[in-house]
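Worksheet for the structure shown next.
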Amino acid sequence: MSSHDTMLIVGAGQAGAWAARTLREQGHAGRIVLCGAERHVPYERPPLSKGLLTGVSGAAESELLGLAEMQDRAIEFLPSLVATKIDPADRVVLFGDGREIGYDKLLLATGGSPRRPPLPGLDSPRVHTLRTLDDALALRRAFSGAPRTVIIGGGWIGLETAATACSMGCSVSVIEAGPRLCGRSLMSPVSQWLLARHEAAGIRVRLARAVTALDDHADGIHVRLDDGSMIVADLVLVGVGMQPNDALAREAGLDCGQGVRVDAACRTSDPHIYAAGDVAVLAHPRAPEGLRLESWQNAQDQGVAAARAMLGQTVAYLPVPLLWSEQYEHMIQIAGLPNLARRTVWRATPGGGRLYLGLDDSGVAVAAVGIDAGRDFRAARKAIEQNAQPPLADYQSCDASAAAGSATNTEMTV
């Protein structure tokens with residue numbers, strides 16, 4: 001079979017797996033090759049910071065596309081295979097083991113890697129990151145002894161892991177260099193609520209503090225901060241964001257900017273190469289610099305959209321960003337672009353939840369955050385999709401006290 005029949009997918013995560021499945025479901029009769037740098041079959045990442053850490057769920061339960069299904073769909077799966085070079089002129093990808101695979105269409109679903117700040121001591125065996133299944137299994141073993149834990153980074157991965165570690169009996173400190181938690185993805189009043197909830201669980205949160213060094217000693221790893229203070233820990237988790245794995249695309253001459261730039265059909269600057277998931281920067285009307293969405297929902301939806309586009313179908317993928325997080329007993333759901341909000345309002349929802357709306361200067365809803373808000377969140381999400389001005393009679397403006405509330409207030413629990 002010639003390369004003109006071959007759909008090649010580099011990256012076997014959420015986006016790559018859904019693309020492979022969709023290509024076959026949508027009628028591609030030719031070759032589908034799915035290459036993964038990891039040794040595992042495609043799996044879902046959300047459980048990594050939750051059930052997989054506690055042992056409530058196993059690796060098999062996070063499996064997304066198993067060997068049996070890939071065999072049934074005639075998807076060639078090549079694990080532990082790293083792509084090293086794209087030759088766009090000949091439409092060939094070279095791999096670390098020396099093999100070459102030609103393609104008619106290529107999908108880059110290479111995801112990202114944990115950012116590693118230039119910190120002295122970062123190579124200590126007591127320092128962990130959390131991105132892969134193997135990372136999660138190593139962290140689960142480490143957490144079993146209820147270690148003193150310092151988490152560097154107050155974003156989603158850091159806070160989800162903090163909540164899980166706390167539930168496992170660990171003593172946890174979170175160090176965040178910014179002025180608030182999840183500063184890039186939440187309106188300020190919701191960050192205040194989140195801070196109150198974690199502190200109520202016994203987690204010590206240090207905001208606007210940077211780690212300057214990590215020193216191994218007999219009594220533990222010394223985490224030194226920029227104010228001269230020091231925390232002694234048994235384990236450090238670095239969760240300061242993700243770096244898109246776009247080196248392959250850059251070296252091939254594709255247009256990149258903190259990821260691989262794609263249009264609404266998931267096409268890169270090369271008409272035979274597409275990108276989806278955490279590595280893709282989407283041209284979007286609400287984000288002139290482009291939008292790179294690091295979420296389970298986007299990885300799935302953009303993987304499906306890319307597959308359809310690769311088959312020549314008309315695709316216009318311009319999503320309203322969606323994100324969710326489970327922390328303690330709470331389900332937190334986010335829609336839209338909180339960074340566009342100029343003011344925030346909120347109201348209680350039936351069952352003890354909360355719904356926050358972020359509004360622009362004209363009163364249009366640009367973001368919604370639901371905390372255990374269920375149906376109410378779905379209605380707010382629809383308002384954002386419609387670019388609408390929602391009725392605000394039941395809402396109140398967020399000031400510091402109203403927004404933060406009490407982390408033990410039953411109004412916030414289901």
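Order determines the names: the first chain of the structure tokens is A, the second B, and so forth; residues in each chain are numbered 1 upward, and ligands are numbered 1 upward as they are shown.
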Legend entry - Test item: residues at most 7 Å from Cys35 of chain A, only C-alpha atoms, excluding those fewer than 6 positions along its chain, as a PyMOL selection string: chain A and resi 9-12+77-79+81
Inset, instruction - Within 10 Å of Arg148 of chain A, counting only C-alpha atoms, which residues show up once you throw out same-chain ones fewer than 4 positions away? Write them as a ChimeraX atom specification, please. - result: /A:143,165,169-173,220-221,231-236
Legend entry - Distance query segment 20-30 of chain A at most 10 Å, only C-alpha atoms, self and fewer than 5 positions along chain excluded, as a count of residues only: 30
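Atom CA of Ser362 of chain A is positioned 8.1 Å from atom CA of Gln389 of chain A.
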Inset, instruction - Write out as JSON, numbers by chain the residues lying within 10 Å of Met187 of chain A, counting only C-alpha atoms and excluding same-chain residues fewer than 4 positions away. - result: {"A": [180, 181, 182, 183, 191, 192, 337, 338, 339, 340, 341, 342, 343, 344, 356, 357, 358, 367, 368, 369]}
Env of segment 273-290 of chain A: 7 Å cut, atoms = only C-alpha atoms, seq-sep filter 3 positions within chain, self excluded. Answer as a PDB file with N, CA and C atoms, in the first residue's frame.
```pdb
ATOM      1  N   ALA A  15      -5.994  13.175  21.876  1.00  0.00           N
ATOM      2  CA  ALA A  15      -6.274  13.689  20.528  1.00  0.00           C
ATOM      3  C   ALA A  15      -5.934  12.653  19.466  1.00  0.00           C
ATOM      4  N   LYS A 105      -1.580  12.162   4.719  1.00  0.00           N
ATOM      5  CA  LYS A 105      -1.870  13.227   5.679  1.00  0.00           C
ATOM      6  C   LYS A 105      -1.213  12.843   7.006  1.00  0.00           C
ATOM      7  N   LEU A 106      -0.671  13.844   7.682  1.00  0.00           N
ATOM      8  CA  LEU A 106       0.012  13.649   8.956  1.00  0.00           C
ATOM      9  C   LEU A 106      -0.685  14.482  10.019  1.00  0.00           C
ATOM     10  N   LEU A 107      -0.957  13.869  11.177  1.00  0.00           N
ATOM     11  CA  LEU A 107      -1.502  14.596  12.319  1.00  0.00           C
ATOM     12  C   LEU A 107      -0.474  14.625  13.434  1.00  0.00           C
ATOM     13  N   LEU A 108      -0.139  15.835  13.880  1.00  0.00           N
ATOM     14  CA  LEU A 108       0.736  16.005  15.030  1.00  0.00           C
ATOM     15  C   LEU A 108      -0.129  16.163  16.277  1.00  0.00           C
ATOM     16  N   ALA A 109      -0.066  15.158  17.136  1.00  0.00           N
ATOM     17  CA  ALA A 109      -0.809  15.172  18.397  1.00  0.00           C
ATOM     18  C   ALA A 109       0.175  14.869  19.526  1.00  0.00           C
ATOM     19  N   THR A 110       1.267  15.606  19.511  1.00  0.00           N
ATOM     20  CA  THR A 110       2.417  15.311  20.368  1.00  0.00           C
ATOM     21  C   THR A 110       2.283  15.846  21.791  1.00  0.00           C
ATOM     22  N   GLY A 111       1.210  16.596  22.069  1.00  0.00           N
ATOM     23  CA  GLY A 111       0.954  17.030  23.431  1.00  0.00           C
ATOM     24  C   GLY A 111       1.997  17.973  23.986  1.00  0.00           C
ATOM     25  N   GLY A 112       2.299  17.786  25.257  1.00  0.00           N
ATOM     26  CA  GLY A 112       3.258  18.669  25.910  1.00  0.00           C
ATOM     27  C   GLY A 112       4.028  17.941  26.992  1.00  0.00           C
ATOM     28  N   PRO A 244       4.533  22.952  25.146  1.00  0.00           N
ATOM     29  CA  PRO A 244       4.071  22.167  23.998  1.00  0.00           C
ATOM     30  C   PRO A 244       5.229  21.480  23.284  1.00  0.00           C
ATOM     31  N   ASN A 245       5.008  20.238  22.906  1.00  0.00           N
ATOM     32  CA  ASN A 245       6.032  19.468  22.196  1.00  0.00           C
ATOM     33  C   ASN A 245       5.977  19.805  20.701  1.00  0.00           C
ATOM     34  N   ASP A 246       6.506  20.983  20.369  1.00  0.00           N
ATOM     35  CA  ASP A 246       6.409  21.460  18.982  1.00  0.00           C
ATOM     36  C   ASP A 246       7.749  21.485  18.255  1.00  0.00           C
ATOM     37  N   GLY A 259       3.462  26.543  20.351  1.00  0.00           N
ATOM     38  CA  GLY A 259       2.652  25.448  19.835  1.00  0.00           C
ATOM     39  C   GLY A 259       2.574  25.545  18.314  1.00  0.00           C
ATOM     40  N   VAL A 260       1.906  24.590  17.698  1.00  0.00           N
ATOM     41  CA  VAL A 260       1.788  24.543  16.237  1.00  0.00           C
ATOM     42  C   VAL A 260       0.524  25.281  15.816  1.00  0.00           C
ATOM     43  N   ARG A 261       0.669  26.306  15.011  1.00  0.00           N
ATOM     44  CA  ARG A 261      -0.490  27.109  14.609  1.00  0.00           C
ATOM     45  C   ARG A 261      -1.357  26.354  13.604  1.00  0.00           C
ATOM     46  N   VAL A 262      -2.669  26.343  13.881  1.00  0.00           N
ATOM     47  CA  VAL A 262      -3.621  25.688  12.978  1.00  0.00           C
ATOM     48  C   VAL A 262      -4.812  26.608  12.728  1.00  0.00           C
ATOM     49  N   ASP A 263      -5.498  26.336  11.601  1.00  0.00           N
ATOM     50  CA  ASP A 263      -6.730  27.071  11.310  1.00  0.00           C
ATOM     51  C   ASP A 263      -7.923  26.300  11.852  1.00  0.00           C
ATOM     52  N   ALA A 264      -9.135  26.731  11.509  1.00  0.00           N
ATOM     53  CA  ALA A 264     -10.344  26.105  12.047  1.00  0.00           C
ATOM     54  C   ALA A 264     -10.550  24.692  11.522  1.00  0.00           C
ATOM     55  N   CYS A 266      -7.987  22.651  11.550  1.00  0.00           N
ATOM     56  CA  CYS A 266      -6.858  21.978  12.212  1.00  0.00           C
ATOM     57  C   CYS A 266      -5.651  21.816  11.296  1.00  0.00           C
ATOM     58  N   ARG A 267      -5.622  22.569  10.179  1.00  0.00           N
ATOM     59  CA  ARG A 267      -4.492  22.505   9.237  1.00  0.00           C
ATOM     60  C   ARG A 267      -3.367  23.408   9.708  1.00  0.00           C
ATOM     61  N   THR A 268      -2.141  22.919   9.547  1.00  0.00           N
ATOM     62  CA  THR A 268      -0.961  23.736   9.807  1.00  0.00           C
ATOM     63  C   THR A 268      -0.641  24.538   8.553  1.00  0.00           C
ATOM     64  N   ASP A 270       1.405  23.717   6.433  1.00  0.00           N
ATOM     65  CA  ASP A 270       1.579  22.723   5.361  1.00  0.00           C
ATOM     66  C   ASP A 270       0.238  22.035   5.144  1.00  0.00           C
ATOM     67  N   LEU A 293      -5.467  25.208  23.991  1.00  0.00           N
ATOM     68  CA  LEU A 293      -6.339  24.716  25.050  1.00  0.00           C
ATOM     69  C   LEU A 293      -5.791  23.416  25.620  1.00  0.00           C
ATOM     70  N   GLU A 294      -5.432  23.445  26.890  1.00  0.00           N
ATOM     71  CA  GLU A 294      -4.913  22.253  27.551  1.00  0.00           C
ATOM     72  C   GLU A 294      -6.046  21.604  28.337  1.00  0.00           C
ATOM     73  N   ASN A 298     -10.994  19.482  24.820  1.00  0.00           N
ATOM     74  CA  ASN A 298     -10.442  19.965  23.559  1.00  0.00           C
ATOM     75  C   ASN A 298      -9.645  18.884  22.852  1.00  0.00           C
ATOM     76  N   ALA A 299      -8.867  18.115  23.598  1.00  0.00           N
ATOM     77  CA  ALA A 299      -8.072  17.059  22.968  1.00  0.00           C
ATOM     78  C   ALA A 299      -8.972  16.080  22.222  1.00  0.00           C
ATOM     79  N   GLN A 302     -10.958  18.214  19.246  1.00  0.00           N
ATOM     80  CA  GLN A 302     -10.083  18.653  18.160  1.00  0.00           C
ATOM     81  C   GLN A 302      -9.488  17.451  17.423  1.00  0.00           C
ATOM     82  N   GLY A 303      -9.256  16.358  18.136  1.00  0.00           N
ATOM     83  CA  GLY A 303      -8.809  15.135  17.469  1.00  0.00           C
ATOM     84  C   GLY A 303      -9.838  14.631  16.472  1.00  0.00           C
ATOM     85  N   ALA A 306      -9.950  17.151  13.493  1.00  0.00           N
ATOM     86  CA  ALA A 306      -8.790  16.995  12.614  1.00  0.00           C
ATOM     87  C   ALA A 306      -8.952  15.780  11.706  1.00  0.00           C
ATOM     88  N   LEU A 318     -14.254  25.912  16.144  1.00  0.00           N
ATOM     89  CA  LEU A 318     -14.076  27.158  16.896  1.00  0.00           C
ATOM     90  C   LEU A 318     -14.809  27.003  18.228  1.00  0.00           C
TER      91      LEU A 318
END
```
Legend entry - Expected answer as number ranges by chain: helix (DSSP H, G or I) residues in segment 60-115 of chain A: A: 60-62, 67-72
Would you export the selected residues with C-alpha atoms as a PDB file, in the first residue's frame, please?
```pdb
ATOM      1  CA  ALA A  60      -6.769  -0.342  32.868  1.00  0.00           C
ATOM      2  CA  GLU A  61      -9.699   1.884  33.855  1.00  0.00           C
ATOM      3  CA  SER A  62      -8.096   4.932  32.227  1.00  0.00           C
ATOM      4  CA  LEU A  67      -5.240  -3.224  21.648  1.00  0.00           C
ATOM      5  CA  ALA A  68      -8.352  -5.252  20.820  1.00  0.00           C
ATOM      6  CA  GLU A  69     -10.222  -2.228  19.451  1.00  0.00           C
ATOM      7  CA  MET A  70      -7.206  -1.107  17.443  1.00  0.00           C
ATOM      8  CA  GLN A  71      -6.901  -4.580  15.977  1.00  0.00           C
ATOM      9  CA  ASP A  72     -10.622  -4.646  15.127  1.00  0.00           C
TER      10      ASP A  72
END
```
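Take the candidates A:Pro46, A:Gly352, A:Gly257, A:Gly336 and check each one against Glu385 of chain A using only C-alpha atoms; the shortest distance goes to A:Gly336.
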Inset, instruction - Looking only at strand (DSSP E or B) from DSSP on the backbone, list the matching residues of segment 47-167 of chain A as a PyMOL selection string. - result: chain A and resi 63+75-78+83-87+92-95+100-102+105-108+112-114+127-128+148-152
